[in-house]
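**Q** For reference, this is target_3.txt, and it has compact mmCIF, C-alpha atoms.
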```txt
# COMPACT_ATOMS: atom_id res chain seq x y z
CA MET A 28 9.41 -63.04 153.17
CA ALA A 29 9.74 -59.29 153.70
CA ARG A 30 10.29 -57.26 150.58
CA ALA A 31 12.51 -54.25 150.06
CA GLY A 32 10.21 -51.24 150.08
CA GLY A 33 12.33 -48.41 148.75
CA GLU A 34 15.77 -47.04 147.95
CA GLY A 35 16.56 -46.55 151.62
CA GLU A 36 15.94 -50.08 152.85
CA VAL A 37 16.87 -53.68 152.11
CA VAL A 38 15.68 -57.10 153.22
CA VAL A 39 18.12 -59.33 155.10
CA SER A 40 17.27 -63.04 155.16
CA ARG A 41 18.95 -66.36 155.88
CA GLY A 42 18.75 -69.31 153.50
CA GLU A 43 18.48 -72.95 154.52
CA ASP A 44 22.13 -73.47 153.57
CA GLY A 45 23.24 -70.66 155.92
CA THR A 46 23.82 -68.11 153.15
CA VAL A 47 22.69 -64.64 154.17
CA HIS A 48 20.92 -62.61 151.47
CA VAL A 49 20.65 -58.84 151.26
CA THR A 50 18.00 -57.81 148.74
CA GLY A 51 18.24 -54.21 147.66
CA GLY A 52 15.94 -54.24 144.64
CA PRO A 53 14.74 -56.37 141.71
CA VAL A 54 16.80 -59.41 140.74
CA ALA A 55 17.57 -59.83 137.04
CA ALA A 56 16.73 -63.20 135.54
CA SER A 57 19.24 -63.58 132.69
CA ASP A 58 23.02 -63.57 132.99
CA PHE A 59 23.40 -60.75 130.49
CA THR A 60 20.97 -58.47 132.37
CA ARG A 61 22.98 -58.66 135.63
CA ALA A 62 26.08 -56.75 136.66
CA VAL A 63 28.02 -58.92 139.12
CA LEU A 64 31.03 -58.51 141.40
CA ASP A 65 32.85 -61.22 143.39
CA VAL A 66 33.91 -59.57 146.65
CA ALA A 67 35.22 -60.74 150.01
CA GLY A 68 32.85 -63.39 151.30
CA ALA A 69 30.01 -62.59 148.89
CA VAL A 70 28.70 -61.90 145.42
CA LEU A 71 27.07 -58.55 144.66
CA ALA A 72 24.60 -58.08 141.79
CA TRP A 73 22.68 -55.22 140.19
CA PRO A 74 20.03 -55.33 137.45
CA VAL A 75 21.23 -53.63 134.28
CA LEU A 76 17.72 -52.96 132.98
CA GLY A 77 15.11 -50.83 134.71
CA GLY A 78 15.43 -48.93 137.95
CA ALA A 79 18.34 -49.79 140.19
CA GLY A 80 19.14 -49.30 143.84
CA LEU A 81 21.49 -50.95 146.27
CA PRO A 82 22.97 -54.28 145.21
CA THR A 83 21.64 -57.69 146.08
CA ALA A 84 24.22 -59.72 148.00
CA GLU A 85 24.69 -63.45 148.54
CA ILE A 86 26.98 -63.66 151.57
CA HIS A 87 28.67 -67.01 152.15
CA ASP A 88 31.26 -65.77 154.67
CA VAL A 89 29.80 -63.12 156.95
CA GLN A 90 33.00 -62.59 158.88
CA ARG A 91 34.92 -61.63 155.75
CA ALA A 92 32.02 -59.53 154.42
CA GLN A 93 31.84 -57.39 157.58
CA GLN A 94 34.82 -55.37 156.32
CA TRP A 95 32.66 -53.78 153.60
CA LEU A 96 29.02 -54.37 154.58
CA TRP A 97 28.77 -51.26 156.74
CA ALA A 98 30.50 -49.17 154.06
CA VAL A 99 28.06 -50.27 151.33
CA TYR A 100 24.75 -50.60 153.20
CA GLY A 101 25.30 -48.90 156.55
CA GLU A 102 25.77 -50.16 160.11
CA GLN A 103 22.18 -51.36 160.63
CA VAL A 104 22.40 -53.73 157.67
CA ALA A 105 25.81 -55.01 158.81
CA ALA A 106 24.32 -55.76 162.24
CA ALA A 107 21.29 -57.51 160.69
CA VAL A 108 23.58 -59.69 158.55
CA HIS A 109 25.51 -60.70 161.66
CA ALA A 110 22.23 -61.55 163.41
CA GLY A 111 21.16 -63.62 160.43
CA ALA A 112 24.43 -65.53 160.45
CA VAL A 113 24.01 -66.50 164.12
CA ARG A 114 20.34 -67.41 163.52
CA GLU A 115 18.88 -64.57 165.54
CA LEU A 116 16.53 -63.68 162.66
CA ALA A 117 15.06 -65.26 159.56
CA SER A 118 14.02 -62.23 157.52
CA VAL A 119 13.84 -58.52 158.33
CA ARG A 120 13.52 -55.20 156.53
CA VAL A 121 16.35 -52.86 157.51
CA PRO A 122 17.02 -49.17 156.72
CA ALA A 123 20.07 -48.77 154.50
CA GLU A 124 22.38 -45.83 153.93
CA PRO A 125 23.64 -45.61 150.33
CA THR A 126 27.29 -44.59 150.36
CA PRO A 127 30.00 -43.47 147.92
CA LEU A 128 31.46 -46.99 148.02
CA ALA A 129 28.08 -48.40 146.98
CA GLY A 130 28.08 -46.07 143.98
CA SER A 131 31.66 -46.94 143.01
CA ALA A 132 30.92 -50.66 143.38
CA ALA A 133 27.85 -50.32 141.12
CA ARG A 134 29.93 -48.54 138.50
CA LEU A 135 32.64 -51.22 138.70
CA GLY A 136 30.02 -53.94 138.32
CA PHE A 137 28.54 -52.22 135.28
CA GLY A 138 32.00 -51.86 133.77
CA HIS A 139 32.61 -55.61 134.07
CA TRP A 140 29.18 -56.18 132.56
CA ALA A 141 30.11 -53.98 129.59
CA ALA A 142 33.37 -55.89 129.09
CA ARG A 143 31.39 -59.15 128.91
CA TRP A 144 28.02 -58.31 127.36
CA TRP A 145 28.25 -55.04 125.37
CA PRO A 146 26.28 -55.87 122.17
CA ALA A 147 28.73 -54.57 119.57
CA SER A 148 27.27 -55.00 116.10
CA HIS A 149 28.00 -53.76 112.58
CA LEU A 150 24.51 -54.87 111.56
CA ASP A 151 22.80 -52.93 114.37
CA GLY A 152 25.10 -49.90 114.25
CA ILE A 153 26.43 -50.36 117.81
CA PRO A 154 30.19 -49.65 118.01
CA ALA A 155 32.46 -51.82 120.09
CA LEU A 156 34.14 -50.49 123.23
CA GLN A 157 37.91 -50.18 123.03
CA PRO A 158 39.02 -52.94 125.46
CA ASP A 159 42.25 -51.26 126.61
CA VAL A 160 40.47 -48.01 127.50
CA LEU A 161 37.75 -49.87 129.39
CA GLY A 162 40.34 -52.10 131.08
CA LEU A 163 42.33 -49.16 132.46
CA GLU A 164 39.20 -47.48 133.84
CA LEU A 165 38.22 -50.79 135.46
CA ALA A 166 41.69 -50.94 137.03
CA ALA A 167 41.18 -47.46 138.48
CA LEU A 168 37.71 -48.35 139.78
CA THR A 169 38.96 -51.61 141.31
CA HIS A 170 41.66 -49.69 143.15
CA THR A 171 39.03 -47.23 144.41
CA CYS A 172 36.92 -50.18 145.63
CA GLN A 173 39.71 -52.07 147.44
CA GLN A 174 37.66 -52.17 150.66
CA LEU A 175 35.42 -54.73 148.93
CA PHE A 176 38.26 -57.23 148.64
CA ASP A 177 40.64 -59.07 150.95
CA ALA A 178 43.82 -61.10 150.64
CA ASP A 179 42.13 -64.39 149.72
CA ASP A 180 42.49 -65.41 146.08
CA ASP A 181 38.84 -66.35 145.44
CA GLN A 182 37.86 -62.92 144.11
CA PRO A 183 38.53 -62.79 140.34
CA ASP A 184 37.36 -59.18 140.17
CA ASP A 185 40.20 -58.06 142.47
CA CYS A 186 42.59 -57.80 139.53
CA VAL A 187 44.17 -54.35 139.49
CA ALA A 188 47.67 -55.51 138.54
CA GLU A 189 46.35 -57.84 135.83
CA LEU A 190 44.18 -55.12 134.30
CA ILE A 191 47.04 -52.62 134.21
CA GLY A 192 49.43 -55.18 132.78
CA ASP A 193 46.98 -56.30 130.10
CA HIS A 194 45.98 -52.81 128.98
CA GLU A 195 48.92 -50.49 129.66
CA ALA A 196 49.47 -50.15 125.89
CA ALA A 197 46.64 -47.59 125.89
CA LEU A 198 48.25 -45.31 128.52
CA ASP A 199 50.09 -43.12 126.00
CA ALA A 200 46.90 -42.61 123.99
CA LEU A 201 44.96 -41.73 127.15
CA ILE A 202 47.62 -39.16 128.05
CA GLN A 203 47.35 -37.63 124.56
CA TRP A 204 43.57 -37.53 124.89
CA TRP A 205 43.85 -35.84 128.30
CA HIS A 206 46.33 -33.25 127.00
CA SER A 207 44.15 -32.48 123.98
CA THR A 208 40.88 -32.04 125.92
CA PRO A 209 39.83 -28.66 127.38
CA PRO A 210 40.84 -28.85 131.07
CA SER A 211 37.47 -27.55 132.27
CA SER A 212 35.53 -30.36 130.58
CA ASP A 213 34.10 -33.40 132.37
CA THR A 214 36.05 -35.66 130.01
CA ALA A 215 39.35 -34.05 130.96
CA ARG A 216 38.57 -34.39 134.66
CA ARG A 217 37.58 -38.04 134.20
CA LEU A 218 40.72 -38.78 132.18
CA GLU A 219 42.96 -37.17 134.81
CA SER A 220 41.20 -39.04 137.61
CA VAL A 221 41.61 -42.39 135.84
CA LEU A 222 45.27 -41.74 135.00
CA ARG A 223 46.17 -40.64 138.54
CA THR A 224 44.33 -43.59 140.07
CA VAL A 225 46.07 -46.02 137.71
CA ASP A 226 49.40 -44.48 138.68
CA ASP A 227 48.57 -44.88 142.38
CA ALA A 228 47.34 -48.44 141.82
CA ALA A 229 50.49 -49.39 139.90
CA ASP A 230 52.65 -47.97 142.69
CA SER A 231 50.66 -49.88 145.32
CA SER A 232 51.01 -53.10 143.31
CA GLY A 233 54.76 -52.66 142.73
CA LEU A 234 54.35 -52.43 138.96
CA ASP A 235 56.93 -50.75 136.75
CA GLY A 236 57.69 -50.36 133.06
CA GLU A 237 58.23 -47.78 130.36
CA ALA A 238 54.53 -46.96 129.91
CA LEU A 239 54.02 -46.48 133.66
CA ARG A 240 57.15 -44.33 133.99
CA HIS A 241 55.88 -42.18 131.13
CA LEU A 242 52.56 -41.86 132.95
CA ARG A 243 54.27 -40.69 136.15
CA THR A 244 56.30 -38.13 134.22
CA ALA A 245 53.18 -36.80 132.47
CA LEU A 246 51.34 -36.46 135.77
CA ASP A 247 54.27 -34.71 137.49
CA ARG A 248 54.64 -32.08 134.79
CA PRO A 249 52.28 -29.12 134.22
CA ARG A 250 49.54 -30.09 131.83
CA PRO A 251 50.42 -28.75 128.36
CA ASP A 252 47.91 -27.17 125.99
CA GLY A 253 47.74 -29.94 123.46
CA THR A 254 46.33 -29.92 119.96
CA PRO A 255 42.77 -31.25 119.87
CA VAL A 256 42.58 -34.83 118.64
CA ASP A 257 39.72 -37.19 117.85
CA ALA A 258 39.49 -39.91 120.50
CA ALA A 259 38.29 -42.34 117.85
CA THR A 260 41.49 -41.73 115.88
CA LEU A 261 43.66 -42.36 118.94
CA PHE A 262 42.04 -45.72 119.52
CA ALA A 263 41.32 -46.70 115.93
CA ARG A 264 41.17 -50.44 115.40
CA ASN A 265 42.40 -52.37 112.41
CA ASP A 266 39.10 -53.41 110.91
CA ASP A 267 40.53 -55.55 108.12
CA TYR A 268 39.51 -59.16 108.46
CA ALA A 269 42.20 -61.77 108.04
CA LEU A 270 41.31 -64.67 105.79
CA ALA A 271 40.63 -67.90 107.61
CA ALA A 272 40.91 -71.32 106.09
CA GLY A 273 37.17 -71.74 105.76
CA GLU A 274 35.76 -73.50 102.73
CA PRO A 275 33.30 -71.29 100.83
CA LEU A 276 29.74 -72.51 100.66
CA VAL A 277 28.58 -74.33 97.56
CA THR A 278 26.07 -72.29 95.60
CA GLY A 279 23.31 -73.56 93.40
CA GLY A 280 20.51 -75.98 94.07
CA ARG A 281 16.87 -75.18 94.66
CA VAL A 282 16.09 -73.12 97.76
CA ILE A 283 13.57 -74.92 99.97
CA ALA A 284 13.50 -72.44 102.83
CA ARG A 285 15.59 -69.75 104.49
CA GLY A 286 15.45 -67.85 107.74
CA THR A 287 17.31 -66.44 110.73
CA GLY A 288 18.35 -68.29 113.86
CA ILE A 289 18.59 -67.38 117.53
CA ASN A 290 21.66 -65.40 118.54
CA ASP A 291 21.89 -66.27 122.25
CA TRP A 292 24.87 -64.34 123.63
CA ARG A 293 25.26 -66.81 126.50
CA ARG A 294 26.32 -69.69 124.26
CA TYR A 295 29.71 -68.32 123.11
CA PRO A 296 32.42 -66.02 124.53
CA PRO A 297 32.35 -62.27 123.88
CA GLY A 298 33.95 -61.13 120.64
CA PHE A 299 32.99 -64.15 118.52
CA VAL A 300 29.74 -63.19 116.80
CA ASP A 301 28.10 -59.91 115.81
CA ALA A 302 25.48 -59.27 118.49
CA SER A 303 22.64 -58.51 116.07
CA GLU A 304 19.51 -60.64 116.19
CA THR A 305 19.87 -61.18 112.42
CA ALA A 306 23.52 -62.25 112.54
CA VAL A 307 22.62 -65.96 112.32
CA SER A 308 21.00 -67.06 109.04
CA TRP A 309 20.40 -70.32 107.22
CA THR A 310 19.31 -71.61 103.83
CA ALA A 311 17.93 -75.08 103.09
CA ARG A 312 18.62 -76.27 99.54
CA ALA A 313 17.78 -79.25 97.40
CA HIS A 314 20.56 -80.69 95.24
CA GLY A 315 18.67 -83.37 93.36
CA ALA A 316 17.54 -85.85 96.00
CA ARG A 317 20.01 -84.44 98.50
CA ARG A 318 18.97 -81.86 101.09
CA GLN A 319 21.49 -79.50 102.69
CA ILE A 320 21.48 -76.63 105.17
CA GLU A 321 23.91 -73.76 104.72
CA VAL A 322 24.65 -71.62 107.78
CA GLU A 323 26.16 -68.13 107.80
CA VAL A 324 26.95 -66.19 110.98
CA VAL A 325 28.33 -62.65 110.89
CA ALA A 326 31.60 -62.52 112.81
CA HIS A 327 32.42 -59.94 115.45
CA ILE A 328 35.29 -57.68 114.47
CA ALA A 329 37.50 -59.31 117.13
CA ALA A 330 36.57 -62.92 116.29
CA PRO A 331 39.44 -65.44 116.22
CA VAL A 332 40.40 -66.63 112.76
CA ALA A 333 41.68 -70.16 113.31
CA GLU A 334 41.49 -73.26 115.50
CA VAL A 335 38.13 -72.32 117.04
CA PRO A 336 35.40 -75.00 116.90
CA LEU A 337 32.40 -72.68 116.71
CA ALA A 338 29.30 -74.61 115.69
CA ALA A 339 25.68 -74.17 114.72
CA GLU A 340 23.06 -76.29 116.46
CA VAL A 341 20.27 -77.35 114.11
CA ARG A 342 16.91 -78.89 114.90
CA VAL A 343 14.55 -79.88 112.07
CA ASN A 344 10.82 -80.50 112.55
CA ASP A 345 11.23 -80.88 116.34
CA GLY A 346 13.68 -83.75 115.86
CA PRO A 347 17.03 -84.30 117.59
CA ARG A 348 19.58 -81.51 117.66
CA SER A 349 22.67 -81.86 115.49
CA ARG A 350 25.75 -79.69 115.12
CA VAL A 351 27.28 -78.10 112.04
CA PRO A 352 30.99 -77.14 112.39
CA LEU A 353 31.65 -73.55 111.36
CA SER A 354 34.83 -71.90 110.15
CA ARG A 355 35.55 -68.23 109.68
CA ARG A 356 36.25 -66.75 106.27
CA VAL A 357 36.68 -62.96 106.14
CA ASP A 358 33.76 -61.63 108.24
CA VAL A 359 31.51 -64.70 108.29
CA TRP A 360 31.42 -68.01 110.10
CA SER A 361 29.97 -70.60 107.73
CA GLY A 362 29.29 -74.29 107.35
CA ARG A 363 26.93 -76.77 105.79
CA ALA A 364 25.53 -80.21 106.51
CA ASP A 365 23.07 -82.70 105.07
CA LEU A 366 19.45 -82.56 106.21
CA ASP A 367 17.27 -85.58 106.78
CA LEU A 368 14.17 -84.35 104.95
CA PRO A 369 11.59 -86.20 102.85
CA ALA A 370 11.86 -85.43 99.15
CA GLY A 371 8.48 -83.68 99.13
CA GLU A 372 9.12 -81.46 102.19
CA THR A 373 8.74 -77.80 101.19
CA GLU A 374 8.18 -76.05 104.54
CA PRO A 375 10.53 -77.55 107.11
CA HIS A 376 10.49 -76.09 110.63
CA ILE A 377 14.15 -75.32 111.38
CA GLU A 378 15.56 -74.01 114.66
CA LEU A 379 19.16 -72.85 114.64
CA GLY A 380 21.57 -71.23 117.08
CA VAL A 381 25.33 -70.70 117.33
CA LEU A 382 27.54 -71.96 120.16
CA LEU A 383 31.07 -72.79 121.26
CA PRO A 384 31.30 -76.41 122.45
CA GLY A 385 32.73 -76.62 125.96
CA PHE A 386 31.63 -73.07 126.72
CA ASP A 387 27.96 -73.46 125.89
CA PRO A 388 25.59 -73.83 128.89
CA GLY A 389 22.92 -75.23 126.57
CA PRO A 390 19.83 -73.68 125.01
CA GLY A 391 17.73 -71.61 127.37
CA SER A 392 14.42 -69.85 127.23
CA ASP A 393 13.98 -67.27 124.48
CA SER A 394 15.46 -64.00 125.72
CA GLY A 395 15.08 -61.96 122.54
CA ALA A 396 13.07 -59.24 124.29
CA GLU A 397 15.78 -58.83 126.94
CA ARG A 398 18.49 -58.68 124.27
CA GLU A 399 16.55 -55.95 122.48
CA ALA A 400 16.16 -54.06 125.77
CA ILE A 401 19.95 -54.23 126.24
CA ARG A 402 20.48 -52.83 122.74
CA ALA A 403 18.06 -50.01 123.51
CA LEU A 404 19.89 -49.19 126.75
CA VAL A 405 23.27 -49.13 125.00
CA ARG A 406 21.95 -46.91 122.21
CA GLN A 407 20.51 -44.51 124.82
CA ARG A 408 23.85 -44.35 126.64
CA LEU A 409 25.79 -43.69 123.42
CA ALA A 410 23.31 -41.06 122.23
CA ALA A 411 23.38 -39.31 125.60
CA THR A 412 27.18 -39.47 125.65
CA ALA A 413 27.39 -37.94 122.17
CA THR A 414 25.17 -35.03 123.26
CA GLN A 415 26.80 -34.74 126.72
CA LEU A 416 23.60 -35.60 128.57
CA ASP A 417 23.02 -38.09 131.37
CA PRO A 418 21.59 -41.22 129.76
CA PRO A 419 18.02 -42.20 130.69
CA ASN A 420 17.29 -45.36 132.66
CA SER A 421 20.75 -45.38 134.22
CA PRO A 422 21.64 -48.94 135.27
CA ALA A 423 22.73 -48.06 138.79
CA GLN A 424 23.00 -45.17 141.16
CA ASN A 425 25.72 -42.78 142.25
CA GLY A 426 27.60 -42.10 139.04
CA THR A 427 26.94 -45.20 136.95
CA SER A 428 24.96 -43.13 134.50
CA ALA A 429 28.13 -41.18 133.70
CA PRO A 430 29.72 -42.62 130.57
CA PHE A 431 32.88 -44.67 130.68
CA LEU A 432 35.82 -43.31 128.71
CA ALA A 433 35.41 -46.21 126.28
CA GLU A 434 31.80 -45.14 125.71
CA ILE A 435 32.90 -41.56 125.03
CA ALA A 436 35.41 -42.78 122.45
CA ALA A 437 32.80 -45.10 120.87
CA ALA A 438 30.14 -42.37 120.76
CA THR A 439 32.44 -40.03 118.84
CA THR A 440 33.77 -42.61 116.39
CA ASP A 441 33.52 -41.98 112.67
CA GLU A 442 33.58 -45.69 111.86
CA ASP A 443 30.73 -46.91 109.72
CA TYR A 444 28.83 -49.33 111.86
```
Rewrite the structure from the file as structure tokens, please.

**A**
Amino acid sequence: MARAGGEGEVVVSRGEDGTVHVTGGPVAASDFTRAVLDVAGAVLAWPVLGGAGLPTAEIHDVQRAQQWLWAVYGEQVAAAVHAGAVRELASVRVPAEPTPLAGSAARLGFGHWAARWWPASHLDGIPALQPDVLGLELAALTHTCQQLFDADDDQPDDCVAELIGDHEAALDALIQWWHSTPPSSDTARRLESVLRTVDDAADSSGLDGEALRHLRTALDRPRPDGTPVDAATLFARNDDYALAAGEPLVTGGRVIARGTGINDWRRYPPGFVDASETAVSWTARAHGARRQIEVEVVAHIAAPVAEVPLAAEVRVNDGPRSRVPLSRRVDVWSGRADLDLPAGETEPHIELGVLLPGFDPGPGSDSGAEREAIRALVRQRLAATATQLDPPNSPAQNGTSAPFLAEIAAATTDEDY
């Protein structure tokens, strides 16, 4: 098959099932290294790590996709996709024309990636992104990218009204931040752009409410010279952990072995577990003739405190996998279970991971190196944001390297992570 040879070209090919593929660059292997958008008739994807170019597209309905293909890739690619759909070609390299819509789509895809996979961790010193701030910027970006979507209801990322409704509580704080920021700064311009686009999107969606009316009033009036405020203070979270009904672990006994488990982000929803590689730990103890494993998992700051069946999956000496129910107490998920070990066993080989039953896709290949690369990318973005530089290794082109407002707030936080 022909391969994409540069930023200005893509490969268009037809699969055996009739799906037409547009390959604009490397394809990421793991879920958490891909930024993805569901659009009209297709799915777009960008690699988060490494160099990025135009998106890769899997087009299952070429007729619907024609409304945006030319605006993302250019007319020659749109024509090649049509030819592939009617079986006039199998695979061809085609010149592409990167466009502003392609850049906005890449930024929107990265924003959805950040909402799902951002590796917030107290242990690793990576602050969480304020979800309401990120949600409102995603609403503005989605409105900007409306050409990617159509009236069918099979595009979950076409969710402007839902995003505004879910996150409008942050509008007043965003207005205060805008008013308190020097008007000539990039942050002030970005804040005003997001606020005006949210206002336009709300009007187009027929939304109303006190927060939105306040937004319209603020935008209609001359911008006042506000008192400088710390963005982190505006969006401060309540970091106190509520006590859950978890039973504390039994102490005592002779320690046989201890170690850390695998913290595979794909096996539980976002916001359940601290993203650090050392967040999952275990201790094997001997209580007389009885052998037990004690599991402790550091909870994410937003983790639910009750009625959540989070579990640890344990495998001893390459035997069958068993599950240990976990409950949250303060900032730790914990649980314990008996181990089937011979009395003389002193060096058991124990594999352990954390999962949410019903959500878990099952254990996959070890992706620790990719998780560490994601942490490195996030740290680079936050460091660059704090020093007002463009971050290195930007995950996509045409403006994706520019920080999101939620990243700016996180980079200036005084919280002790």

**Q** Set the distance at 9 Å and use only C-alpha atoms: which residues neighbour range 123-138 of chain A once local chain neighbours fewer than 3 positions away are removed? I'd like the list as a ChimeraX atom specification.

**A** /A:34-37,51,61-64,71-73,75,80-82,95,97-104,141-143,161-162,164-165,168-169,171-172,174-175,422-429,431

**Q** In Å, with one decimal, what is the gap from CA of Thr305 in chain A to CA of Arg318 in chain A?

**A**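 Separation of CA of Thr305 in chain A and CA of Arg318 in chain A: 23.6 Å.
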
**Q** Using all atoms listed in the file, pick whichever of A:Pro53, A:Pro158, A:Pro74, A:Pro384 has the shortest atom-to-atom distance to Glu434 in chain A.

**A**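 Closest to Glu434 in chain A, using all atoms listed in the file: A:Pro158.
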
**Q** For Pro146 in chain A, which residue among A:Asn344, A:Thr60, A:Thr244, A:Thr287 is the nearest when counting only C-alpha atoms?

**A**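 Closest candidate: A:Thr60.
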
**Q** Out of A:Leu234, A:Ala56, A:Ala200, A:Val49, which residue has the shortest atom-to-atom distance to Val70 in chain A when counting only C-alpha atoms?

**A**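 Closest residue, counting only C-alpha atoms: A:Val49.
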
**Q** Would you mind reading off the distance between CA of Leu261 in chain A and CA of Ala326 in chain A, one decimal, in Å?

**A**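 Atom-to-atom, CA of Leu261 in chain A to CA of Ala326 in chain A, that is 24.3 Å.
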
**Q** Please provide the set of residues having any atom within 7 Å of Trp204 in chain A, restricted to only C-alpha atoms, with same-chain residues fewer than 4 positions apart removed, written as a list in words.

**A**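 Listing them by chain and then by number gives Ala200, Thr208, Val256 and Ala258 of chain A.
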
**Q** List the neighbours of range 396-413 of chain A out to 10 Å using all atoms listed in the file; skip same-chain residues closer than 4 positions along the sequence, and give me the result as a count of residues only.

**A** 41

**Q** Check the smallest atom-to-atom distance from each of A:Gly68, A:Pro122, A:Pro352, A:Gly286 to Thr50 in chain A using only C-alpha atoms, then report the winner.

**A** A:Pro122

**Q** Of the residues A:Thr46, A:Ser232, A:Thr254, A:Thr260, which is the one nearest to Ala188 in chain A, using all atoms listed in the file?

**A**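 For Ala188 in chain A, the nearest of the given residues is A:Ser232.
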
**Q** For a quick check of understanding, using all atoms listed in the file, which of A:Val39, A:His149, A:Ala197, A:Pro255 has the smallest distance to Ala433 in chain A?

**A**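 Ranked by minimum distance to Ala433 in chain A, first place goes to A:Ala197.
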
**Q** Separation of CA of Leu382 in chain A and CA of Arg312 in chain A, in Å?

**A**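 Interatomic distance, CA of Leu382 in chain A to CA of Arg312 in chain A: 22.9 Å.
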
**Q** Excluding Arg41 in chain A and its own-chain neighbours fewer than 2 positions away, which residues fall within 6 Å of it when counting all atoms listed in the file? Please give them as an MDAnalysis selection string.

**A** chainID A and resid 46:47 111 117

**Q** With C-alpha atoms retained, could you export that selection as a compact mmCIF listing (two decimals), keeping the file's coordinate frame?

**A**
```
# COMPACT_ATOMS: atom_id res chain seq x y z
CA THR A 46 23.82 -68.11 153.15
CA VAL A 47 22.69 -64.64 154.17
CA GLY A 111 21.16 -63.62 160.43
CA ALA A 117 15.06 -65.26 159.56
```

**Q** Fewer than 6 positions away in the same chain doesn't count, so skip those; otherwise give me all residues within 12 Å of Ile377 in chain A, counting only C-alpha atoms, as a list of chain:residue names.

**A**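 Here the qualifying residues turn out to be A:Ile283, A:Ala284, A:Arg285, A:Gly286, A:Thr287, A:Gly288, A:Ile289, A:Ser308, A:Trp309, A:Thr310, A:Ala311, A:Ile320, A:Glu321, A:Val322, A:Glu340, A:Val341, A:Arg342, A:Val343, A:Asn344, A:Asp345, A:Gly346, A:Pro347, A:Arg348, A:Ser349, A:Leu366, A:Asp367, A:Leu368.
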